[in-house]
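Here's run_12.cif, which has mmCIF, C-alpha atoms, pLDDT in the B column; chains and numbers go by the auth columns:
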data_run
#
loop_
_atom_site.group_PDB
_atom_site.id
_atom_site.type_symbol
_atom_site.label_atom_id
_atom_site.label_comp_id
_atom_site.label_asym_id
_atom_site.label_seq_id
_atom_site.Cartn_x
_atom_site.Cartn_y
_atom_site.Cartn_z
_atom_site.B_iso_or_equiv
_atom_site.auth_seq_id
_atom_site.auth_asym_id
ATOM 1 C CA MET A 1 23.978 5.752 4.921 55.00 17 V
ATOM 2 C CA ARG A 2 21.555 4.831 2.146 55.00 18 V
ATOM 3 C CA SER A 3 18.802 2.499 3.326 67.00 19 V
ATOM 4 C CA ASN A 4 16.918 -0.104 1.308 79.00 20 V
ATOM 5 C CA ILE A 5 13.794 2.055 1.465 88.00 21 V
ATOM 6 C CA ALA A 6 12.236 4.608 -0.820 91.00 22 V
ATOM 7 C CA ARG A 7 9.020 6.289 0.243 94.00 23 V
ATOM 8 C CA GLN A 8 6.189 7.663 -1.866 97.00 24 V
ATOM 9 C CA ALA A 9 3.688 10.019 -0.293 97.00 25 V
ATOM 10 C CA ILE A 10 -0.032 9.308 -0.103 98.00 26 V
ATOM 11 C CA TYR A 11 -2.246 12.410 -0.126 98.00 27 V
ATOM 12 C CA ASN A 12 -5.794 13.208 0.895 97.00 28 V
ATOM 13 C CA SER A 13 -8.163 15.365 -1.163 95.00 29 V
ATOM 14 C CA GLU A 14 -6.623 18.523 0.332 95.00 30 V
ATOM 15 C CA GLN A 15 -3.215 17.334 -0.947 94.00 31 V
ATOM 16 C CA LYS A 16 -1.966 16.813 2.594 97.00 32 V
ATOM 17 C CA VAL A 17 0.416 13.872 3.124 98.00 33 V
ATOM 18 C CA ILE A 18 -1.309 11.367 5.416 97.00 34 V
ATOM 19 C CA ALA A 19 0.907 8.276 4.926 97.00 35 V
ATOM 20 C CA TYR A 20 3.772 6.829 2.903 97.00 36 V
ATOM 21 C CA GLU A 21 4.117 3.664 0.878 96.00 37 V
ATOM 22 C CA LEU A 22 7.543 2.133 1.484 94.00 38 V
ATOM 23 C CA LEU A 23 9.277 0.585 -1.514 92.00 39 V
ATOM 24 C CA PHE A 24 12.305 -1.716 -1.524 90.00 40 V
ATOM 25 C CA ARG A 25 15.408 -0.426 -3.277 79.00 41 V
ATOM 26 C CA GLU A 26 18.872 -1.995 -3.426 69.00 42 V
ATOM 27 C CA GLY A 27 22.250 -0.338 -3.916 55.00 43 V
ATOM 28 C CA CYS A 28 22.152 2.637 -6.266 52.00 44 V
ATOM 29 C CA CYS A 29 19.154 1.258 -8.146 51.00 45 V
ATOM 30 C CA ASP A 30 16.048 3.427 -7.939 53.00 46 V
ATOM 31 C CA SER A 31 13.729 0.710 -9.209 48.00 47 V
ATOM 32 C CA PHE A 32 12.584 -2.572 -7.695 46.00 48 V
ATOM 33 C CA PRO A 33 15.325 -5.197 -8.252 46.00 49 V
ATOM 34 C CA CYS A 34 14.657 -8.773 -9.329 46.00 50 V
ATOM 35 C CA ILE A 35 14.395 -10.420 -5.910 55.00 51 V
ATOM 36 C CA GLU A 36 11.860 -12.425 -3.945 69.00 52 V
ATOM 37 C CA SER A 37 8.998 -10.355 -2.506 75.00 53 V
ATOM 38 C CA ASP A 38 9.372 -11.796 1.006 80.00 54 V
ATOM 39 C CA PHE A 39 13.046 -10.736 1.091 84.00 55 V
ATOM 40 C CA ALA A 40 12.040 -7.205 0.084 83.00 56 V
ATOM 41 C CA THR A 41 9.369 -7.106 2.807 86.00 57 V
ATOM 42 C CA ASP A 42 11.808 -8.318 5.477 87.00 58 V
ATOM 43 C CA SER A 43 14.398 -5.736 4.427 84.00 59 V
ATOM 44 C CA VAL A 44 11.907 -2.840 4.511 87.00 60 V
ATOM 45 C CA LEU A 45 10.567 -3.876 7.928 87.00 61 V
ATOM 46 C CA ASN A 46 14.061 -4.261 9.370 83.00 62 V
ATOM 47 C CA ASP A 47 15.049 -0.769 8.224 81.00 63 V
ATOM 48 C CA LEU A 48 11.728 0.751 9.276 82.00 64 V
ATOM 49 C CA PHE A 49 11.786 -0.571 12.833 83.00 65 V
ATOM 50 C CA CYS A 50 15.525 -0.300 13.499 73.00 66 V
ATOM 51 C CA GLU A 51 15.921 1.864 16.609 64.00 67 V
ATOM 52 C CA THR A 52 19.490 2.913 15.778 61.00 68 V
ATOM 53 C CA THR A 53 18.354 4.613 12.556 59.00 69 V
ATOM 54 C CA GLY A 54 15.405 6.511 13.969 64.00 70 V
ATOM 55 C CA GLY A 55 12.792 4.049 12.720 71.00 71 V
ATOM 56 C CA VAL A 56 9.335 5.293 11.799 79.00 72 V
ATOM 57 C CA THR A 57 10.083 8.839 12.964 80.00 73 V
ATOM 58 C CA ARG A 58 12.918 9.114 10.454 80.00 74 V
ATOM 59 C CA VAL A 59 11.414 7.086 7.608 86.00 75 V
ATOM 60 C CA SER A 60 7.858 8.455 7.525 89.00 76 V
ATOM 61 C CA ASP A 61 7.890 11.465 9.864 89.00 77 V
ATOM 62 C CA GLY A 62 5.752 9.365 12.204 89.00 78 V
ATOM 63 C CA LEU A 63 2.985 8.818 9.633 94.00 79 V
ATOM 64 C CA PRO A 64 1.537 5.349 8.902 94.00 80 V
ATOM 65 C CA CYS A 65 3.576 3.173 6.553 95.00 81 V
ATOM 66 C CA PHE A 66 2.063 1.063 3.788 97.00 82 V
ATOM 67 C CA VAL A 67 4.292 -2.007 3.330 96.00 83 V
ATOM 68 C CA ASN A 68 3.880 -4.688 0.662 95.00 84 V
ATOM 69 C CA PHE A 69 3.360 -8.244 1.911 95.00 85 V
ATOM 70 C CA CYS A 70 3.459 -11.321 -0.296 93.00 86 V
ATOM 71 C CA TYR A 71 1.332 -14.404 0.305 95.00 87 V
ATOM 72 C CA ASP A 72 3.923 -16.322 2.348 94.00 88 V
ATOM 73 C CA SER A 73 4.670 -13.346 4.608 94.00 89 V
ATOM 74 C CA LEU A 74 0.964 -12.933 5.330 96.00 90 V
ATOM 75 C CA ILE A 75 0.344 -16.617 6.025 96.00 91 V
ATOM 76 C CA GLN A 76 3.369 -16.702 8.351 94.00 92 V
ATOM 77 C CA GLY A 77 2.045 -13.702 10.282 94.00 93 V
ATOM 78 C CA LYS A 78 5.258 -11.682 9.970 93.00 94 V
ATOM 79 C CA ALA A 79 3.417 -8.408 10.534 94.00 95 V
ATOM 80 C CA LEU A 80 2.474 -9.485 14.062 95.00 96 V
ATOM 81 C CA ASN A 81 6.072 -8.772 15.102 92.00 97 V
ATOM 82 C CA TYR A 82 5.583 -5.057 14.418 92.00 98 V
ATOM 83 C CA PRO A 83 3.314 -2.340 15.892 92.00 99 V
ATOM 84 C CA ALA A 84 -0.130 -2.209 14.297 94.00 100 V
ATOM 85 C CA GLU A 85 -0.521 1.544 14.791 93.00 101 V
ATOM 86 C CA GLU A 86 2.434 2.292 12.501 92.00 102 V
ATOM 87 C CA LEU A 87 1.902 -0.296 9.786 94.00 103 V
ATOM 88 C CA VAL A 88 -0.671 -0.749 7.015 97.00 104 V
ATOM 89 C CA ILE A 89 -0.557 -4.248 5.513 97.00 105 V
ATOM 90 C CA GLU A 90 -0.569 -3.971 1.726 97.00 106 V
ATOM 91 C CA VAL A 91 -1.697 -7.247 0.117 97.00 107 V
ATOM 92 C CA LEU A 92 0.093 -7.712 -3.199 94.00 108 V
ATOM 93 C CA GLU A 93 -2.073 -8.363 -6.230 92.00 109 V
ATOM 94 C CA ASP A 94 -0.301 -11.653 -7.046 92.00 110 V
ATOM 95 C CA CYS A 95 -1.341 -13.276 -3.749 95.00 111 V
ATOM 96 C CA VAL A 96 -3.565 -16.348 -3.977 96.00 112 V
ATOM 97 C CA ALA A 97 -7.077 -15.389 -2.896 96.00 113 V
ATOM 98 C CA ASP A 98 -7.790 -18.523 -0.874 97.00 114 V
ATOM 99 C CA ALA A 99 -9.303 -19.416 2.504 97.00 115 V
ATOM 100 C CA GLU A 100 -5.897 -19.471 4.200 98.00 116 V
ATOM 101 C CA LEU A 101 -5.179 -15.899 3.157 98.00 117 V
ATOM 102 C CA TYR A 102 -8.640 -14.780 4.252 98.00 118 V
ATOM 103 C CA LYS A 103 -8.104 -16.310 7.683 98.00 119 V
ATOM 104 C CA ALA A 104 -4.662 -14.693 8.010 98.00 120 V
ATOM 105 C CA LEU A 105 -6.080 -11.254 7.167 98.00 121 V
ATOM 106 C CA GLU A 106 -8.954 -11.708 9.599 97.00 122 V
ATOM 107 C CA ASP A 107 -6.410 -12.484 12.305 97.00 123 V
ATOM 108 C CA LEU A 108 -4.368 -9.390 11.467 97.00 124 V
ATOM 109 C CA ARG A 109 -7.475 -7.203 11.660 97.00 125 V
ATOM 110 C CA SER A 110 -8.368 -8.720 15.024 97.00 126 V
ATOM 111 C CA HIS A 111 -4.959 -7.524 16.248 97.00 127 V
ATOM 112 C CA GLY A 112 -5.626 -3.968 15.082 97.00 128 V
ATOM 113 C CA TYR A 113 -3.823 -3.950 11.724 97.00 129 V
ATOM 114 C CA GLN A 114 -5.250 -2.074 8.759 98.00 130 V
ATOM 115 C CA ILE A 115 -5.439 -3.899 5.432 98.00 131 V
ATOM 116 C CA ALA A 116 -4.921 -2.424 1.964 98.00 132 V
ATOM 117 C CA PHE A 117 -5.423 -4.324 -1.288 98.00 133 V
ATOM 118 C CA ASP A 118 -2.900 -3.302 -3.929 96.00 134 V
ATOM 119 C CA ASP A 119 -3.781 -2.951 -7.633 94.00 135 V
ATOM 120 C CA PHE A 120 -7.269 -4.271 -6.940 95.00 136 V
ATOM 121 C CA ILE A 121 -9.207 -5.631 -9.913 91.00 137 V
ATOM 122 C CA PRO A 122 -12.667 -7.092 -9.228 89.00 138 V
ATOM 123 C CA SER A 123 -12.962 -10.854 -9.638 92.00 139 V
ATOM 124 C CA SER A 124 -15.048 -13.620 -8.141 93.00 140 V
ATOM 125 C CA ASP A 125 -12.035 -14.683 -6.038 94.00 141 V
ATOM 126 C CA TRP A 126 -11.238 -11.245 -4.625 95.00 142 V
ATOM 127 C CA LEU A 127 -14.639 -9.638 -4.110 94.00 143 V
ATOM 128 C CA PRO A 128 -15.286 -11.498 -0.798 95.00 144 V
ATOM 129 C CA PHE A 129 -12.101 -9.907 0.565 97.00 145 V
ATOM 130 C CA LEU A 130 -13.549 -6.400 0.272 96.00 146 V
ATOM 131 C CA ARG A 131 -15.246 -6.757 3.667 96.00 147 V
ATOM 132 C CA LEU A 132 -11.740 -6.962 5.191 97.00 148 V
ATOM 133 C CA ALA A 133 -10.450 -3.865 3.396 97.00 149 V
ATOM 134 C CA ASP A 134 -9.555 -0.605 5.080 98.00 150 V
ATOM 135 C CA TYR A 135 -8.092 0.650 1.788 98.00 151 V
ATOM 136 C CA VAL A 136 -8.595 -0.426 -1.814 98.00 152 V
ATOM 137 C CA LYS A 137 -5.877 0.779 -4.184 98.00 153 V
ATOM 138 C CA ILE A 138 -6.854 1.179 -7.827 97.00 154 V
ATOM 139 C CA ASP A 139 -4.077 1.381 -10.433 96.00 155 V
ATOM 140 C CA PHE A 140 -4.957 4.058 -12.987 96.00 156 V
ATOM 141 C CA ARG A 141 -2.513 2.480 -15.458 93.00 157 V
ATOM 142 C CA ALA A 142 -4.132 -0.967 -15.290 94.00 158 V
ATOM 143 C CA GLN A 143 -7.796 -0.081 -15.923 93.00 159 V
ATOM 144 C CA THR A 144 -9.724 2.428 -17.993 95.00 160 V
ATOM 145 C CA LEU A 145 -11.513 5.321 -16.339 95.00 161 V
ATOM 146 C CA THR A 146 -14.809 3.685 -17.317 96.00 162 V
ATOM 147 C CA GLN A 147 -13.856 0.411 -15.584 95.00 163 V
ATOM 148 C CA ILE A 148 -12.731 2.274 -12.483 97.00 164 V
ATOM 149 C CA SER A 149 -15.903 4.352 -12.379 96.00 165 V
ATOM 150 C CA GLN A 150 -18.027 1.203 -12.659 95.00 166 V
ATOM 151 C CA PHE A 151 -16.211 -0.379 -9.720 95.00 167 V
ATOM 152 C CA VAL A 152 -16.656 2.726 -7.585 95.00 168 V
ATOM 153 C CA SER A 153 -20.363 2.983 -8.411 94.00 169 V
ATOM 154 C CA LYS A 154 -20.999 -0.692 -7.711 93.00 170 V
ATOM 155 C CA TYR A 155 -18.989 -1.344 -4.558 92.00 171 V
ATOM 156 C CA ARG A 156 -18.125 1.913 -2.792 88.00 172 V
ATOM 157 C CA LYS A 157 -21.357 2.172 -0.782 87.00 173 V
ATOM 158 C CA ARG A 158 -21.542 -1.557 -0.030 91.00 174 V
ATOM 159 C CA PHE A 159 -18.306 -1.670 1.971 92.00 175 V
ATOM 160 C CA ASP A 160 -16.486 0.512 4.482 90.00 176 V
ATOM 161 C CA PHE A 161 -13.112 1.165 2.849 96.00 177 V
ATOM 162 C CA LYS A 162 -11.179 4.182 1.617 97.00 178 V
ATOM 163 C CA LEU A 163 -10.431 4.366 -2.088 97.00 179 V
ATOM 164 C CA LEU A 164 -6.829 5.120 -3.016 98.00 180 V
ATOM 165 C CA ALA A 165 -6.020 6.142 -6.582 98.00 181 V
ATOM 166 C CA GLU A 166 -2.481 5.061 -7.399 97.00 182 V
ATOM 167 C CA LYS A 167 -0.181 5.693 -10.355 96.00 183 V
ATOM 168 C CA ILE A 168 -1.822 9.056 -10.954 97.00 184 V
ATOM 169 C CA GLU A 169 0.423 10.574 -13.609 96.00 185 V
ATOM 170 C CA THR A 170 -1.624 13.392 -15.143 96.00 186 V
ATOM 171 C CA ASP A 171 -3.721 16.263 -13.889 96.00 187 V
ATOM 172 C CA GLU A 172 -6.684 14.826 -15.808 95.00 188 V
ATOM 173 C CA GLU A 173 -6.411 11.510 -13.952 96.00 189 V
ATOM 174 C CA TYR A 174 -6.162 13.287 -10.617 97.00 190 V
ATOM 175 C CA HIS A 175 -9.328 15.312 -11.216 96.00 191 V
ATOM 176 C CA ALA A 176 -11.137 12.256 -12.592 97.00 192 V
ATOM 177 C CA ALA A 177 -10.306 10.385 -9.372 97.00 193 V
ATOM 178 C CA LEU A 178 -11.552 13.330 -7.321 97.00 194 V
ATOM 179 C CA GLU A 179 -14.814 13.417 -9.229 96.00 195 V
ATOM 180 C CA MET A 180 -15.305 9.669 -8.744 96.00 196 V
ATOM 181 C CA GLY A 181 -15.017 10.139 -4.996 95.00 197 V
ATOM 182 C CA PHE A 182 -11.569 8.730 -4.276 97.00 198 V
ATOM 183 C CA ASP A 183 -10.317 9.546 -0.782 97.00 199 V
ATOM 184 C CA LEU A 184 -6.550 9.236 -1.262 98.00 200 V
ATOM 185 C CA PHE A 185 -4.082 9.771 -4.096 98.00 201 V
ATOM 186 C CA GLN A 186 -0.609 8.564 -5.019 98.00 202 V
ATOM 187 C CA GLY A 187 1.515 8.915 -8.139 97.00 203 V
ATOM 188 C CA TYR A 188 4.081 10.900 -10.087 96.00 204 V
ATOM 189 C CA GLN A 189 1.614 13.748 -10.658 95.00 205 V
ATOM 190 C CA LEU A 190 1.831 14.400 -6.915 96.00 206 V
ATOM 191 C CA SER A 191 5.312 13.159 -5.977 96.00 207 V
ATOM 192 C CA LYS A 192 7.875 10.565 -6.993 94.00 208 V
ATOM 193 C CA PRO A 193 9.452 8.017 -4.624 93.00 209 V
ATOM 194 C CA GLU A 194 12.411 9.361 -2.667 92.00 210 V
ATOM 195 C CA ARG A 195 15.258 7.349 -1.202 88.00 211 V
ATOM 196 C CA ILE A 196 15.735 7.397 2.577 84.00 212 V
ATOM 197 C CA PHE A 197 19.162 8.058 4.060 74.00 213 V
ATOM 198 C CA PHE A 198 20.151 7.325 7.659 66.00 214 V
ATOM 199 C CA SER A 199 22.706 9.599 9.290 58.00 215 V
ATOM 200 C CA ASN A 200 22.624 8.410 12.901 50.00 216 V
ATOM 201 C CA VAL A 201 23.726 4.800 12.576 45.00 217 V
ATOM 202 C CA ALA A 202 25.463 3.661 15.759 43.00 218 V
#

Would you mind giving the structure from this file in structure tokens?
Amino acid sequence: MRSNIARQAIYNSEQKVIAYELLFREGCCDSFPCIESDFATDSVLNDLFCETTGGVTRVSDGLPCFVNFCYDSLIQGKALNYPAEELVIEVLEDCVADAELYKALEDLRSHGYQIAFDDFIPSSDWLPFLRLADYVKIDFRAQTLTQISQFVSKYRKRFDFKLLAEKIETDEEYHAALEMGFDLFQGYQLSKPERIFFSNVA
């Protein structure tokens, strides 16, 4: 049975898969459909932690899963219903960077969850959140290499997070990210998302 999940591998500098980002897919569509983000998050989590389908072992081979969370899902603390050791909370870039979100992320970290900031672009609103980051994901399609390099030079040593280069689509981008000191890599140059199928549904 086809699930509502596609997974895209996340690699370290030795090109070893260390985690997967889980992406919502619906029906035969292999792109994100036009639906509410919180519905997509709920669907991915339900498939991921469903015991009858093999759960994390089947979906990610037991590796950590990066899952997108919208603002409302974070404020409501939905992640607290799932095991922290198997889940990385990915904060979507369209979340409102306010005090309520900051407090919610602090609470998640206090319960052992790791936090990733998706498509991070420096701004006065978001920079204070860097102290909560375990991972900062930089979209290589959204910024120039010069802008990315400036961010790395300015903030990498000030905070304790891993840098994840996402949407890496060329060999040149991959080697540029390596030279800048990125820790992790994701994108079509390395692997495309793959749909997950469940065969042991009760």

Worksheet entry | Counting all atoms listed in the file, the residue of V:Cys111, V:Ala192, V:Glu185, V:Arg174 that sits nearest Gln205 in chain V |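 Closest to Gln205 in chain V, using all atoms listed in the file: V:Glu185.
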
Worksheet entry | Hits from the PyMOL selection byres ((chain V and resi 127) around 12), listed as a PyMOL selection string | chain V and resi 93+95-101+103+120-126+128-131

Worksheet entry | Residue among V:Thr162, V:Leu79, V:Val107, V:Ser53 lying closest to Phe145 in chain V, counting only C-alpha atoms |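 Checking each of V:Thr162, V:Leu79, V:Val107, V:Ser53 against Phe145 in chain V, counting only C-alpha atoms, the winner is V:Val107.
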
Fill in: Evaluate the PyMOL selection byres ((chain V and resi 27) around 12) and report residues as number ranges by chain
V: 24-26, 28-37, 79, 179-182, 184, 190, 194, 198-207

Output for the residues just chosen: C-alpha atoms as a PDB file, in the frame of the given file:
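What follows is the written file out_9.pdb:
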ATOM      1  CA  GLN V  24       6.189   7.663  -1.866  1.00 97.00           C
ATOM      2  CA  ALA V  25       3.688  10.019  -0.293  1.00 97.00           C
ATOM      3  CA  ILE V  26      -0.032   9.308  -0.103  1.00 98.00           C
ATOM      4  CA  ASN V  28      -5.794  13.208   0.895  1.00 97.00           C
ATOM      5  CA  SER V  29      -8.163  15.365  -1.163  1.00 95.00           C
ATOM      6  CA  GLU V  30      -6.623  18.523   0.332  1.00 95.00           C
ATOM      7  CA  GLN V  31      -3.215  17.334  -0.947  1.00 94.00           C
ATOM      8  CA  LYS V  32      -1.966  16.813   2.594  1.00 97.00           C
ATOM      9  CA  VAL V  33       0.416  13.872   3.124  1.00 98.00           C
ATOM     10  CA  ILE V  34      -1.309  11.367   5.416  1.00 97.00           C
ATOM     11  CA  ALA V  35       0.907   8.276   4.926  1.00 97.00           C
ATOM     12  CA  TYR V  36       3.772   6.829   2.903  1.00 97.00           C
ATOM     13  CA  GLU V  37       4.117   3.664   0.878  1.00 96.00           C
ATOM     14  CA  LEU V  79       2.985   8.818   9.633  1.00 94.00           C
ATOM     15  CA  LEU V 179     -10.431   4.366  -2.088  1.00 97.00           C
ATOM     16  CA  LEU V 180      -6.829   5.120  -3.016  1.00 98.00           C
ATOM     17  CA  ALA V 181      -6.020   6.142  -6.582  1.00 98.00           C
ATOM     18  CA  GLU V 182      -2.481   5.061  -7.399  1.00 97.00           C
ATOM     19  CA  ILE V 184      -1.822   9.056 -10.954  1.00 97.00           C
ATOM     20  CA  TYR V 190      -6.162  13.287 -10.617  1.00 97.00           C
ATOM     21  CA  LEU V 194     -11.552  13.330  -7.321  1.00 97.00           C
ATOM     22  CA  PHE V 198     -11.569   8.730  -4.276  1.00 97.00           C
ATOM     23  CA  ASP V 199     -10.317   9.546  -0.782  1.00 97.00           C
ATOM     24  CA  LEU V 200      -6.550   9.236  -1.262  1.00 98.00           C
ATOM     25  CA  PHE V 201      -4.082   9.771  -4.096  1.00 98.00           C
ATOM     26  CA  GLN V 202      -0.609   8.564  -5.019  1.00 98.00           C
ATOM     27  CA  GLY V 203       1.515   8.915  -8.139  1.00 97.00           C
ATOM     28  CA  TYR V 204       4.081  10.900 -10.087  1.00 96.00           C
ATOM     29  CA  GLN V 205       1.614  13.748 -10.658  1.00 95.00           C
ATOM     30  CA  LEU V 206       1.831  14.400  -6.915  1.00 96.00           C
ATOM     31  CA  SER V 207       5.312  13.159  -5.977  1.00 96.00           C
TER      32      SER V 207
END

Item to complete: Using CA of Cys66 in chain V and CA of Arg211 in chain V as the two end points, give the distance in Å to one decimal.
Response: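 Computed distance, CA of Cys66 in chain V to CA of Arg211 in chain V, equals 16.6 Å.
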
Assuming the chain letters and numbering stay as they are in my file, what does the PyMOL selection byres ((chain V and resi 143) around 12) actually select? List them as a compact mmCIF listing (two decimals) with C-alpha atoms, keeping the file's coordinate frame.
# COMPACT_ATOMS: atom_id res chain seq x y z
CA ALA V 113 -7.08 -15.39 -2.90
CA ASP V 114 -7.79 -18.52 -0.87
CA TYR V 118 -8.64 -14.78 4.25
CA PHE V 133 -5.42 -4.32 -1.29
CA PHE V 136 -7.27 -4.27 -6.94
CA ILE V 137 -9.21 -5.63 -9.91
CA PRO V 138 -12.67 -7.09 -9.23
CA SER V 139 -12.96 -10.85 -9.64
CA SER V 140 -15.05 -13.62 -8.14
CA ASP V 141 -12.04 -14.68 -6.04
CA TRP V 142 -11.24 -11.24 -4.62
CA PRO V 144 -15.29 -11.50 -0.80
CA PHE V 145 -12.10 -9.91 0.56
CA LEU V 146 -13.55 -6.40 0.27
CA ARG V 147 -15.25 -6.76 3.67
CA LEU V 148 -11.74 -6.96 5.19
CA ALA V 149 -10.45 -3.86 3.40
CA VAL V 152 -8.60 -0.43 -1.81
CA PHE V 167 -16.21 -0.38 -9.72
CA LYS V 170 -21.00 -0.69 -7.71
CA TYR V 171 -18.99 -1.34 -4.56
CA ARG V 174 -21.54 -1.56 -0.03
CA PHE V 175 -18.31 -1.67 1.97

Practice prompt. Please indicate the distance in Å from CA of Glu195 in chain V to CA of Val104 in chain V, rounded to one decimal place.
Written response: 25.8 Å

Worksheet item: From the list V:Glu102, V:Lys119, V:Val168, V:Val112, which residue is nearest Thr73 in chain V when using all atoms listed in the file?
Response: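 The closest residue to Thr73 in chain V is V:Glu102.
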
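Among the candidates V:Ile164, V:Leu38, V:Ala22, V:Leu108, the residue lying nearest to Glu189 in chain V is V:Ile164 (atoms considered: only C-alpha atoms).
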
Enclosing box along x, y and z for every listed atom of range 140-150 of chain V, padded 3 Å each side, centre and size in Å, one decimal, as lines of an AutoDock Vina configuration file:
center_x = -12.4
center_y = -7.6
center_z = -1.5
size_x = 11.7
size_y = 20.1
size_z = 19.3

Item to complete: Measure the distance from CA of Asn20 in chain V to CA of Asp150 in chain V in Å and round it to one decimal.
Response: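 Separation between CA of Asn20 in chain V and CA of Asp150 in chain V: 26.7 Å.
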
Give me the residues within 7 Å of Thr57 in chain V as a tab-separated table (two decimals) with C-alpha atoms, in the frame of the given file, counting all atoms listed in the file and dropping any in the same chain fewer than 4 places off.
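For reference, out.tsv as written:
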chain	number	residue	atom	x	y	z
V	53	SER	CA	9.00	-10.36	-2.51
V	61	LEU	CA	10.57	-3.88	7.93
V	84	ASN	CA	3.88	-4.69	0.66
V	85	PHE	CA	3.36	-8.24	1.91

Response to the item:
One residue among V:Glu106, V:Asp134, V:Ser89, V:Ile212 is nearest to Val72 in chain V when using all atoms listed in the file, and that residue is V:Ile212

Worksheet entry | Counting only C-alpha atoms, the residue of V:Phe213, V:Phe177, V:Phe156, V:Phe65 that sits nearest Ala193 in chain V |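 Checking each of V:Phe213, V:Phe177, V:Phe156, V:Phe65 against Ala193 in chain V, counting only C-alpha atoms, the winner is V:Phe156.
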